[in-house]
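As provided, data-v8.cif (mmCIF, C-alpha atoms) reads as follows.
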```cif
data_data
loop_
_atom_site.label_atom_id
_atom_site.label_comp_id
_atom_site.auth_asym_id
_atom_site.auth_seq_id
_atom_site.Cartn_x
_atom_site.Cartn_y
_atom_site.Cartn_z
CA MET A 1 8.50 -30.49 -125.27
CA SER A 2 5.56 -28.66 -123.72
CA GLU A 3 5.29 -31.28 -120.96
CA GLY A 4 8.89 -30.85 -119.92
CA VAL A 5 9.88 -28.75 -116.98
CA SER A 6 11.72 -25.61 -118.00
CA LYS A 7 15.01 -25.12 -116.20
CA ARG A 8 17.12 -22.02 -115.87
CA PHE A 9 20.33 -22.42 -117.84
CA MET A 10 23.09 -19.86 -117.72
CA PHE A 11 26.05 -19.99 -120.08
CA VAL A 12 29.00 -18.08 -118.64
CA ASN A 13 31.46 -16.76 -121.21
CA ARG A 14 34.79 -15.53 -119.94
CA LYS A 15 37.20 -15.91 -122.83
CA ALA A 16 38.02 -13.63 -125.75
CA PRO A 17 37.11 -14.90 -129.22
CA TYR A 18 39.56 -16.41 -131.77
CA GLY A 19 42.46 -17.28 -129.42
CA SER A 20 40.71 -20.49 -128.42
CA VAL A 21 37.63 -22.33 -129.55
CA TYR A 22 35.67 -21.70 -126.32
CA ALA A 23 33.72 -18.62 -127.46
CA LEU A 24 32.57 -20.17 -130.74
CA GLU A 25 31.76 -23.53 -129.17
CA GLY A 26 29.86 -21.79 -126.40
CA LEU A 27 27.82 -19.86 -128.97
CA GLU A 28 26.96 -23.06 -130.85
CA VAL A 29 25.85 -24.76 -127.64
CA VAL A 30 23.63 -21.76 -126.90
CA LEU A 31 22.03 -21.94 -130.36
CA ILE A 32 21.39 -25.65 -129.94
CA SER A 33 19.98 -25.13 -126.45
CA ALA A 34 17.31 -22.90 -127.99
CA ALA A 35 15.71 -26.01 -129.50
CA PHE A 36 14.90 -27.37 -126.04
CA ASP A 37 12.60 -24.56 -124.83
CA GLN A 38 14.52 -23.83 -121.65
CA ASP A 39 15.01 -20.53 -119.85
CA VAL A 40 18.41 -19.61 -121.27
CA SER A 41 20.59 -16.68 -120.31
CA LEU A 42 24.13 -15.68 -121.23
CA ALA A 43 26.66 -14.03 -118.96
CA PHE A 44 29.76 -12.27 -120.26
CA ILE A 45 32.47 -11.70 -117.68
CA ASP A 46 36.24 -11.15 -117.79
CA ASP A 47 37.58 -11.44 -121.36
CA GLY A 48 34.19 -12.81 -122.43
CA VAL A 49 33.06 -9.20 -122.93
CA TYR A 50 35.37 -9.04 -125.96
CA GLN A 51 33.09 -11.51 -127.73
CA LEU A 52 30.48 -8.75 -128.04
CA LEU A 53 32.74 -5.96 -129.18
CA ARG A 54 31.69 -4.11 -132.35
CA GLY A 55 33.98 -3.88 -135.33
CA GLN A 56 35.49 -7.37 -135.33
CA ASP A 57 37.18 -7.96 -138.69
CA THR A 58 38.79 -11.36 -139.15
CA LYS A 59 39.55 -11.11 -142.87
CA ALA A 60 43.28 -10.55 -142.52
CA ALA A 61 43.53 -13.20 -139.79
CA GLY A 62 41.86 -15.70 -142.12
CA MET A 63 39.22 -16.80 -139.61
CA LYS A 64 35.45 -16.74 -139.64
CA ASN A 65 33.96 -13.69 -137.93
CA PHE A 66 31.16 -15.14 -135.81
CA SER A 67 30.32 -11.93 -133.99
CA PRO A 68 27.26 -11.22 -136.24
CA THR A 69 25.75 -14.43 -134.91
CA TYR A 70 25.19 -12.87 -131.48
CA ARG A 71 22.67 -10.62 -133.23
CA ALA A 72 20.75 -13.72 -134.36
CA LEU A 73 20.12 -14.80 -130.76
CA GLU A 74 17.02 -12.61 -130.52
CA GLY A 75 15.43 -14.60 -133.34
CA TYR A 76 16.15 -17.75 -131.32
CA ASP A 77 14.24 -16.17 -128.39
CA ILE A 78 17.44 -15.85 -126.40
CA GLU A 79 17.14 -12.34 -125.11
CA LYS A 80 18.79 -12.44 -121.68
CA LEU A 81 22.33 -11.23 -122.19
CA TYR A 82 24.13 -10.01 -119.10
CA VAL A 83 27.51 -8.27 -119.08
CA GLU A 84 29.49 -7.60 -115.92
CA ARG A 85 30.23 -3.93 -115.29
CA GLU A 86 33.57 -4.54 -113.54
CA SER A 87 34.78 -6.63 -116.49
CA LEU A 88 33.87 -3.84 -118.95
CA GLU A 89 35.57 -1.19 -116.82
CA ALA A 90 38.75 -3.23 -116.32
CA ARG A 91 39.09 -3.38 -120.12
CA GLY A 92 38.06 0.14 -120.99
CA VAL A 93 35.03 -1.14 -122.88
CA ALA A 94 31.77 0.82 -122.82
CA GLU A 95 28.29 -0.63 -123.20
CA ALA A 96 27.97 1.41 -126.40
CA ASP A 97 30.93 -0.53 -127.84
CA LEU A 98 28.89 -3.75 -127.81
CA LEU A 99 27.12 -5.08 -130.88
CA VAL A 100 23.95 -6.30 -129.16
CA ASP A 101 21.60 -4.98 -126.50
CA VAL A 102 22.67 -6.29 -123.11
CA LYS A 103 21.91 -5.70 -119.49
CA VAL A 104 24.93 -4.51 -117.54
CA LEU A 105 25.12 -5.90 -114.01
CA GLY A 106 27.51 -5.31 -111.15
CA ARG A 107 29.56 -8.27 -109.96
CA GLU A 108 27.40 -8.84 -106.91
CA GLU A 109 24.19 -8.88 -109.00
CA MET A 110 25.86 -11.25 -111.45
CA ALA A 111 26.88 -13.59 -108.64
CA ALA A 112 23.32 -13.53 -107.29
CA LEU A 113 21.92 -14.30 -110.73
CA MET A 114 24.29 -17.25 -111.16
CA ASP A 115 23.15 -18.52 -107.79
CA GLU A 116 19.52 -18.57 -108.99
CA GLN A 117 20.18 -20.90 -111.92
CA ASP A 118 19.42 -24.60 -112.16
CA VAL A 119 22.39 -25.21 -114.43
CA VAL A 120 25.51 -23.09 -114.98
CA ILE A 121 27.82 -23.98 -117.84
CA GLY A 122 31.09 -22.15 -118.32
CA PHE A 123 33.02 -21.54 -121.52
CA MET B 1 32.82 -35.27 -153.70
CA GLY B 2 31.60 -32.60 -156.03
CA ILE B 3 28.97 -31.42 -158.44
CA GLU B 4 29.67 -30.51 -162.06
CA VAL B 5 28.05 -27.41 -163.53
CA ASN B 6 28.89 -25.81 -166.90
CA GLY B 7 32.13 -27.80 -167.06
CA LYS B 8 33.33 -26.70 -163.64
CA THR B 9 33.46 -28.99 -160.60
CA TYR B 10 32.27 -27.56 -157.31
CA GLU B 11 33.48 -29.34 -154.21
CA THR B 12 30.85 -30.61 -151.75
CA ASP B 13 31.00 -32.53 -148.47
CA GLU B 14 29.83 -36.14 -148.12
CA GLU B 15 26.22 -34.95 -147.63
CA GLY B 16 26.25 -32.75 -150.74
CA TYR B 17 26.63 -29.36 -149.06
CA LEU B 18 28.80 -26.91 -151.00
CA THR B 19 32.25 -26.68 -149.39
CA ASN B 20 32.93 -23.08 -150.38
CA LEU B 21 29.81 -20.95 -150.19
CA GLY B 22 31.61 -18.17 -152.05
CA GLU B 23 31.43 -20.35 -155.19
CA TRP B 24 27.64 -20.42 -155.14
CA ASN B 25 25.66 -19.14 -158.10
CA GLU B 26 22.16 -19.80 -159.42
CA ASP B 27 23.36 -22.46 -161.86
CA VAL B 28 24.98 -24.43 -159.02
CA ALA B 29 21.79 -24.01 -156.99
CA ALA B 30 19.73 -25.32 -159.90
CA ALA B 31 22.07 -28.31 -160.26
CA ILE B 32 21.86 -29.17 -156.55
CA ALA B 33 18.06 -28.84 -156.80
CA VAL B 34 18.02 -31.39 -159.62
CA GLU B 35 19.97 -33.82 -157.40
CA GLU B 36 17.44 -33.18 -154.63
CA LYS B 37 14.60 -33.78 -157.14
CA ILE B 38 13.20 -30.31 -156.50
CA ASP B 39 11.51 -28.43 -159.31
CA MET B 40 12.52 -24.86 -158.52
CA THR B 41 9.65 -22.34 -158.67
CA GLN B 42 9.63 -18.69 -157.73
CA ASN B 43 8.48 -19.72 -154.23
CA HIS B 44 11.52 -22.01 -153.88
CA TRP B 45 13.88 -19.24 -154.98
CA GLU B 46 12.26 -16.87 -152.52
CA VAL B 47 13.18 -19.18 -149.64
CA VAL B 48 16.66 -19.88 -151.01
CA ASN B 49 17.37 -16.17 -151.42
CA PHE B 50 15.99 -15.49 -147.96
CA LEU B 51 18.38 -18.07 -146.51
CA ARG B 52 21.35 -16.48 -148.27
CA GLU B 53 20.41 -13.05 -146.93
CA TYR B 54 20.01 -14.49 -143.43
CA TYR B 55 23.41 -16.12 -143.66
CA ASN B 56 25.05 -12.94 -144.93
CA GLU B 57 23.65 -11.04 -141.98
CA TYR B 58 24.17 -13.56 -139.16
CA GLN B 59 26.83 -15.99 -140.46
CA ILE B 60 24.73 -19.04 -139.62
CA ALA B 61 21.99 -21.02 -141.28
CA PRO B 62 18.88 -20.62 -139.11
CA ALA B 63 17.21 -23.49 -137.27
CA VAL B 64 13.92 -24.45 -138.91
CA ARG B 65 11.82 -22.87 -136.16
CA VAL B 66 13.72 -19.60 -136.54
CA LEU B 67 13.50 -19.73 -140.33
CA THR B 68 9.74 -20.30 -140.22
CA LYS B 69 9.22 -17.33 -137.94
CA ALA B 70 11.52 -15.05 -139.95
CA ILE B 71 9.93 -16.03 -143.27
CA GLY B 72 6.49 -15.31 -141.85
CA LYS B 73 7.65 -11.88 -140.80
CA LYS B 74 9.24 -11.03 -144.13
CA LEU B 75 7.11 -12.83 -146.73
CA GLY B 76 3.75 -13.00 -144.99
CA PRO B 77 2.16 -15.28 -142.37
CA GLU B 78 0.82 -17.75 -144.95
CA LYS B 79 4.43 -18.58 -145.85
CA GLY B 80 5.69 -18.69 -142.29
CA SER B 81 4.58 -22.21 -141.56
CA ASN B 82 6.18 -25.61 -141.42
CA SER B 83 3.64 -27.02 -143.85
CA TYR B 84 4.41 -24.39 -146.47
CA LEU B 85 8.17 -24.92 -146.20
CA TYR B 86 7.91 -28.71 -146.15
CA GLU B 87 5.64 -28.59 -149.18
CA LEU B 88 8.38 -26.77 -151.05
CA PHE B 89 11.19 -28.86 -149.56
CA PRO B 90 9.75 -32.26 -148.58
CA TYR B 91 12.96 -33.48 -146.90
CA GLY B 92 13.07 -30.37 -144.75
CA PRO B 93 14.05 -26.77 -145.41
CA ALA B 94 17.26 -27.31 -143.43
CA LYS B 95 18.34 -30.33 -145.39
CA GLN B 96 17.27 -29.16 -148.84
CA ALA B 97 16.83 -25.39 -148.96
CA CYS B 98 20.13 -24.72 -147.16
CA LYS B 99 21.91 -27.14 -149.43
CA ILE B 100 20.50 -25.45 -152.54
CA ALA B 101 21.38 -22.04 -151.06
CA GLY B 102 24.97 -23.21 -150.68
CA LEU B 103 24.93 -22.87 -146.89
CA PRO B 104 26.35 -25.23 -144.29
CA LYS B 105 23.97 -27.50 -142.42
CA PRO B 106 22.16 -25.41 -139.77
CA THR B 107 23.50 -25.32 -136.23
CA GLY B 108 20.98 -26.82 -133.88
CA CYS B 109 19.42 -28.82 -136.68
CA VAL B 110 17.67 -31.59 -134.74
CA MET C 1 26.87 -24.34 -105.48
CA LEU C 2 30.11 -26.28 -105.77
CA HIS C 3 32.66 -24.33 -107.79
CA ILE C 4 35.44 -26.36 -109.37
CA VAL C 5 38.67 -24.71 -110.49
CA ASN C 6 41.50 -26.51 -112.27
CA LYS C 7 43.92 -23.74 -113.33
CA SER C 8 46.88 -22.41 -111.37
CA PRO C 9 46.25 -18.88 -110.05
CA HIS C 10 49.77 -18.02 -111.18
CA GLU C 11 48.90 -18.78 -114.79
CA ARG C 12 45.22 -17.82 -115.14
CA SER C 13 42.68 -15.54 -113.47
CA THR C 14 40.16 -18.38 -113.21
CA LEU C 15 40.38 -18.76 -109.42
CA ALA C 16 40.03 -15.01 -108.88
CA ALA C 17 36.94 -14.96 -111.14
CA CYS C 18 35.46 -17.89 -109.24
CA LEU C 19 36.08 -16.37 -105.82
CA ALA C 20 34.58 -13.07 -106.99
CA HIS C 21 31.31 -14.87 -107.76
CA ALA C 22 31.17 -17.39 -104.90
CA ARG C 23 28.57 -16.69 -102.22
CA ALA C 24 28.04 -17.71 -98.61
CA GLY C 25 27.14 -21.37 -98.38
CA HIS C 26 29.04 -22.28 -101.53
CA ALA C 27 32.05 -24.59 -101.66
CA VAL C 28 35.14 -24.24 -103.85
CA LEU C 29 37.16 -27.30 -104.83
CA LEU C 30 40.66 -26.94 -106.24
CA ILE C 31 41.74 -29.74 -108.58
CA GLU C 32 44.56 -30.37 -111.07
CA ASP C 33 46.88 -27.33 -111.41
CA ALA C 34 44.63 -25.27 -109.13
CA VAL C 35 45.91 -27.26 -106.12
CA VAL C 36 48.98 -25.01 -106.02
CA ALA C 37 46.67 -22.31 -104.65
CA ALA C 38 46.12 -24.47 -101.57
CA THR C 39 49.76 -24.41 -100.45
CA ARG C 40 51.09 -22.15 -97.71
CA GLY C 41 53.35 -20.37 -100.19
CA SER C 42 50.48 -19.48 -102.53
CA ALA C 43 47.81 -18.83 -99.95
CA ALA C 44 47.78 -15.11 -100.78
CA THR C 45 45.82 -16.03 -103.88
CA LEU C 46 43.00 -17.05 -101.56
CA ALA C 47 42.81 -13.73 -99.73
CA ALA C 48 39.67 -12.97 -101.74
CA LEU C 49 37.77 -15.91 -100.31
CA PRO C 50 34.33 -14.55 -99.36
CA ALA C 51 32.95 -15.18 -95.87
CA GLY C 52 30.97 -18.38 -95.55
CA VAL C 53 32.62 -20.09 -98.52
CA SER C 54 34.39 -23.33 -97.67
CA LEU C 55 37.51 -24.36 -99.50
CA TYR C 56 38.60 -27.86 -100.48
CA VAL C 57 41.51 -29.34 -102.39
CA LEU C 58 41.72 -32.71 -104.10
CA SER C 59 44.48 -34.55 -102.27
CA PRO C 60 45.50 -36.97 -105.06
CA ASP C 61 46.33 -33.94 -107.26
CA LEU C 62 48.18 -32.30 -104.35
CA GLN C 63 50.16 -35.48 -103.67
CA ALA C 64 51.00 -35.98 -107.33
CA ARG C 65 52.72 -32.58 -107.36
CA GLY C 66 54.67 -33.24 -104.15
CA LEU C 67 52.68 -30.57 -102.28
CA ALA C 68 50.85 -32.71 -99.72
CA GLY C 69 53.03 -31.42 -96.87
CA GLN C 70 52.41 -27.79 -97.71
CA LEU C 71 48.66 -27.53 -97.33
CA ALA C 72 47.67 -24.11 -96.01
CA GLU C 73 45.51 -23.81 -92.91
CA GLY C 74 41.76 -23.57 -93.35
CA ILE C 75 41.66 -25.71 -96.48
CA THR C 76 40.23 -29.22 -96.32
CA ALA C 77 41.87 -31.97 -98.35
CA VAL C 78 39.45 -34.52 -99.84
CA ASP C 79 39.94 -37.74 -101.79
CA TYR C 80 37.77 -38.80 -104.74
CA ARG C 81 35.08 -40.07 -102.37
CA GLY C 82 35.10 -36.65 -100.70
CA PHE C 83 34.80 -35.04 -104.15
CA VAL C 84 31.63 -37.06 -104.76
CA ASP C 85 30.29 -36.12 -101.32
CA LEU C 86 30.80 -32.43 -102.15
CA VAL C 87 28.92 -32.77 -105.44
CA ALA C 88 26.10 -34.57 -103.63
CA ALA C 89 25.94 -31.99 -100.83
CA GLN C 90 25.60 -28.96 -103.13
CA PRO C 91 22.55 -28.38 -105.36
CA ARG C 92 24.63 -27.38 -108.40
CA VAL C 93 28.15 -27.53 -109.81
CA GLN C 94 29.88 -24.80 -111.76
CA SER C 95 33.15 -25.67 -113.48
CA TRP C 96 35.31 -22.65 -114.19
CA LEU C 97 37.31 -23.14 -117.39
#
```
Take the structure in the file and give it back as structure tokens.
Amino acid sequence: MSEGVSKRFMFVNRKAPYGSVYALEGLEVVLISAAFDQDVSLAFIDDGVYQLLRGQDTKAAGMKNFSPTYRALEGYDIEKLYVERESLEARGVAEADLLVDVKVLGREEMAALMDEQDVVIGF
Amino acid sequence: MGIEVNGKTYETDEEGYLTNLGEWNEDVAAAIAVEEKIDMTQNHWEVVNFLREYYNEYQIAPAVRVLTKAIGKKLGPEKGSNSYLYELFPYGPAKQACKIAGLPKPTGCV
Amino acid sequence: MLHIVNKSPHERSTLAACLAHARAGHAVLLIEDAVVAATRGSAATLAALPAGVSLYVLSPDLQARGLAGQLAEGITAVDYRGFVDLVAAQPRVQSWL
């Protein structure tokens, strides 16, 4: 893999967890992408910010709570997590409500960052 | 499919991974190890227990690269190597150690 | 960047999210249910189109929904060949789900 050219991959998450399979599938793709030594970043915009909310408890809903897995990303060397400020504010969510360390970016910065990527994959 | 331990049948998938990880106990682990032809030593148990703790914390089985790094951090650098883990689990820590630990096959297992 | 949107703006916020992140020089292509945003009656949904972003709609999807005669001004209809040309002309593609 060392001979390969590293590309900038951004995975854009904009859906809440549990109501559809997008959030979980996106997370699995991110974990798998870590095996390919690329420059991976994650963006959370719109309802995607709900994926990172603390205190998720799926017991009564009978589903698997995959929110702890976001905390494993660091061990996979995936440390670039970006959350859009406007999306947080529109939902009354504070950075302190999130279960991992993220970088909060304004919409314009987020758009610029997306524009710098080699590959953008949305979930 | 399933595996029988102490008169109780534990359901497994077609590859031998325990279907319900909540059913796991050390006797089941020992029985799966026998099927995998692994002679469980304290070093094997150390890795198996580490995997279960990792799963409890993160809800996934780690990729081998991540496991190696994390083991090295927790149990010492001499144990945080592929050669050490493959010596214990010749068919791969993902395939064998996770199975014995009652975890699903790791995501990103390539 | 070519942005592709396939959801109606009346049902989902996908188009709004896309337009909020599109930048000058980018192109946006509306396909499937998103083609309703290209009609004169729905054109308000495109008020957020940033300067320098060109807008396209896939005509087969517009025609299929009986909307070919209602294309709003300033939006270019393309066929499948035009779709391919857009992909080729832009360095990257981002599909908004």
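When the PyMOL selection byres ((chain A) within 7 of (chain B)) is run on the displayed coordinates, the residues it returns are Glu28, Leu31, Ile32, Ala35, Phe66, Pro68, Thr69, Arg71, Ala72, Gly75 and Tyr76 of chain A.
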Enumerate, in order of chain and increasing residue number, the residues of chain C with an atom no farther than 6 Å from chain A, each with its shortest atom pair and distance in Å to one decimal, counting all atoms listed in the file, as a Markdown table.
```
| residue | atom | partner | partner_atom | distance |
| --- | --- | --- | --- | --- |
| C:His21 | CA | A:Ala111 | CA | 4.7 |
| C:Gln94 | CA | A:Val120 | CA | 5.7 |
| C:Trp96 | CA | A:Gly122 | CA | 5.9 |
```
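For the pair CA of Ser83 (chain B) and CA of Thr68 (chain B), the separation is 9.8 Å.
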Using the chain letters and numbers from this file, what does the PyMOL selection byres ((chain A and resi 104) around 6) select? Give the answer as a PDB file with C-alpha atoms, in the coordinates of the input.
```pdb
ATOM      1  CA  TYR A  82      24.130 -10.010-119.100  1.00  0.00           C
ATOM      2  CA  VAL A  83      27.510  -8.270-119.080  1.00  0.00           C
ATOM      3  CA  GLU A  84      29.490  -7.600-115.920  1.00  0.00           C
ATOM      4  CA  ARG A  85      30.230  -3.930-115.290  1.00  0.00           C
ATOM      5  CA  LYS A 103      21.910  -5.700-119.490  1.00  0.00           C
ATOM      6  CA  LEU A 105      25.120  -5.900-114.010  1.00  0.00           C
TER       7      LEU A 105
END
```
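For the atom pair formed by CA of Ala97 (chain B) and CA of Thr58 (chain A), the distance is 27.8 Å, given to one decimal.
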Can you turn the PyMOL selection byres ((chain C and resi 78) around 12) into a concrete residue list for this file, as a tab-separated table (two decimals) with C-alpha atoms, in the frame of the given file?
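Result file is result18.tsv:
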```tsv
chain	number	residue	atom	x	y	z
C	28	VAL	CA	35.14	-24.24	-103.85
C	29	LEU	CA	37.16	-27.30	-104.83
C	30	LEU	CA	40.66	-26.94	-106.24
C	31	ILE	CA	41.74	-29.74	-108.58
C	35	VAL	CA	45.91	-27.26	-106.12
C	55	LEU	CA	37.51	-24.36	-99.50
C	56	TYR	CA	38.60	-27.86	-100.48
C	57	VAL	CA	41.51	-29.34	-102.39
C	58	LEU	CA	41.72	-32.71	-104.10
C	59	SER	CA	44.48	-34.55	-102.27
C	60	PRO	CA	45.50	-36.97	-105.06
C	61	ASP	CA	46.33	-33.94	-107.26
C	62	LEU	CA	48.18	-32.30	-104.35
C	63	GLN	CA	50.16	-35.48	-103.67
C	68	ALA	CA	50.85	-32.71	-99.72
C	71	LEU	CA	48.66	-27.53	-97.33
C	75	ILE	CA	41.66	-25.71	-96.48
C	76	THR	CA	40.23	-29.22	-96.32
C	77	ALA	CA	41.87	-31.97	-98.35
C	79	ASP	CA	39.94	-37.74	-101.79
C	80	TYR	CA	37.77	-38.80	-104.74
C	81	ARG	CA	35.08	-40.07	-102.37
C	82	GLY	CA	35.10	-36.65	-100.70
C	83	PHE	CA	34.80	-35.04	-104.15
C	84	VAL	CA	31.63	-37.06	-104.76
C	85	ASP	CA	30.29	-36.12	-101.32
C	86	LEU	CA	30.80	-32.43	-102.15
```
All residues 12 Å or closer to Ala94 (chain A), only C-alpha atoms, same chain fewer than 3 positions away omitted, as a ChimeraX atom specification: /A:49-50,52-54,83-91,97-99,102,104
Long-range neighbours of region 13-20 of chain C as number ranges by chain, 8 Å cut-off, all atoms listed in the file, 4 positions minimum in chain: A: 46, 107, 111; C: 3, 5, 7-9, 34, 45, 48-50, 96-97
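Going from CA of Gly26 (chain A) to CA of Gly106 (chain A) covers 22.6 Å.
Considering the residues C:His10, C:Met1, C:Ser95, C:Ala89 and counting all atoms listed in the file, Val36 (chain C) has its shortest atom-to-atom contact with C:His10.
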Reconstruct region 60-75 of chain C at the level of N, CA, C and O atoms, and format the result as a compact mmCIF listing (two decimals), keeping the file's coordinate frame.
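Generated output (result_38.txt):
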```txt
# COMPACT_ATOMS: atom_id res chain seq x y z
N PRO C 60 44.67 -36.24 -104.09
CA PRO C 60 45.50 -36.97 -105.06
C PRO C 60 46.27 -36.03 -105.99
O PRO C 60 47.42 -36.31 -106.34
N ASP C 61 45.64 -34.89 -106.37
CA ASP C 61 46.33 -33.94 -107.26
C ASP C 61 47.41 -33.17 -106.50
O ASP C 61 48.45 -32.80 -107.08
N LEU C 62 47.18 -32.96 -105.19
CA LEU C 62 48.18 -32.30 -104.35
C LEU C 62 49.38 -33.22 -104.17
O LEU C 62 50.54 -32.82 -104.34
N GLN C 63 49.09 -34.49 -103.88
CA GLN C 63 50.16 -35.48 -103.67
C GLN C 63 50.98 -35.67 -104.94
O GLN C 63 52.22 -35.76 -104.89
N ALA C 64 50.31 -35.73 -106.07
CA ALA C 64 51.00 -35.98 -107.33
C ALA C 64 52.05 -34.91 -107.60
O ALA C 64 53.08 -35.18 -108.22
N ARG C 65 51.80 -33.69 -107.11
CA ARG C 65 52.72 -32.58 -107.36
C ARG C 65 53.70 -32.38 -106.23
O ARG C 65 54.43 -31.38 -106.20
N GLY C 66 53.72 -33.32 -105.25
CA GLY C 66 54.67 -33.24 -104.15
C GLY C 66 54.35 -32.12 -103.17
O GLY C 66 55.23 -31.60 -102.50
N LEU C 67 53.06 -31.72 -103.09
CA LEU C 67 52.68 -30.57 -102.28
C LEU C 67 51.85 -30.95 -101.05
O LEU C 67 51.35 -30.07 -100.35
N ALA C 68 51.74 -32.27 -100.80
CA ALA C 68 50.85 -32.71 -99.72
C ALA C 68 51.26 -32.13 -98.37
O ALA C 68 50.41 -31.85 -97.52
N GLY C 69 52.56 -31.93 -98.15
CA GLY C 69 53.03 -31.42 -96.87
C GLY C 69 52.90 -29.92 -96.71
O GLY C 69 53.24 -29.36 -95.68
N GLN C 70 52.43 -29.25 -97.74
CA GLN C 70 52.41 -27.79 -97.71
C GLN C 70 51.01 -27.18 -97.70
O GLN C 70 50.83 -26.01 -98.01
N LEU C 71 50.04 -28.01 -97.32
CA LEU C 71 48.66 -27.53 -97.33
C LEU C 71 48.46 -26.37 -96.35
O LEU C 71 48.82 -26.47 -95.18
N ALA C 72 47.90 -25.29 -96.85
CA ALA C 72 47.67 -24.11 -96.01
C ALA C 72 46.52 -24.38 -95.03
O ALA C 72 45.64 -25.21 -95.30
N GLU C 73 46.54 -23.65 -93.93
CA GLU C 73 45.51 -23.81 -92.91
C GLU C 73 44.14 -23.35 -93.44
O GLU C 73 44.07 -22.42 -94.24
N GLY C 74 43.11 -23.99 -92.98
CA GLY C 74 41.76 -23.57 -93.35
C GLY C 74 41.25 -24.20 -94.63
O GLY C 74 40.14 -23.91 -95.07
N ILE C 75 42.09 -25.04 -95.25
CA ILE C 75 41.66 -25.71 -96.48
C ILE C 75 41.55 -27.21 -96.19
O ILE C 75 42.45 -27.79 -95.58
```
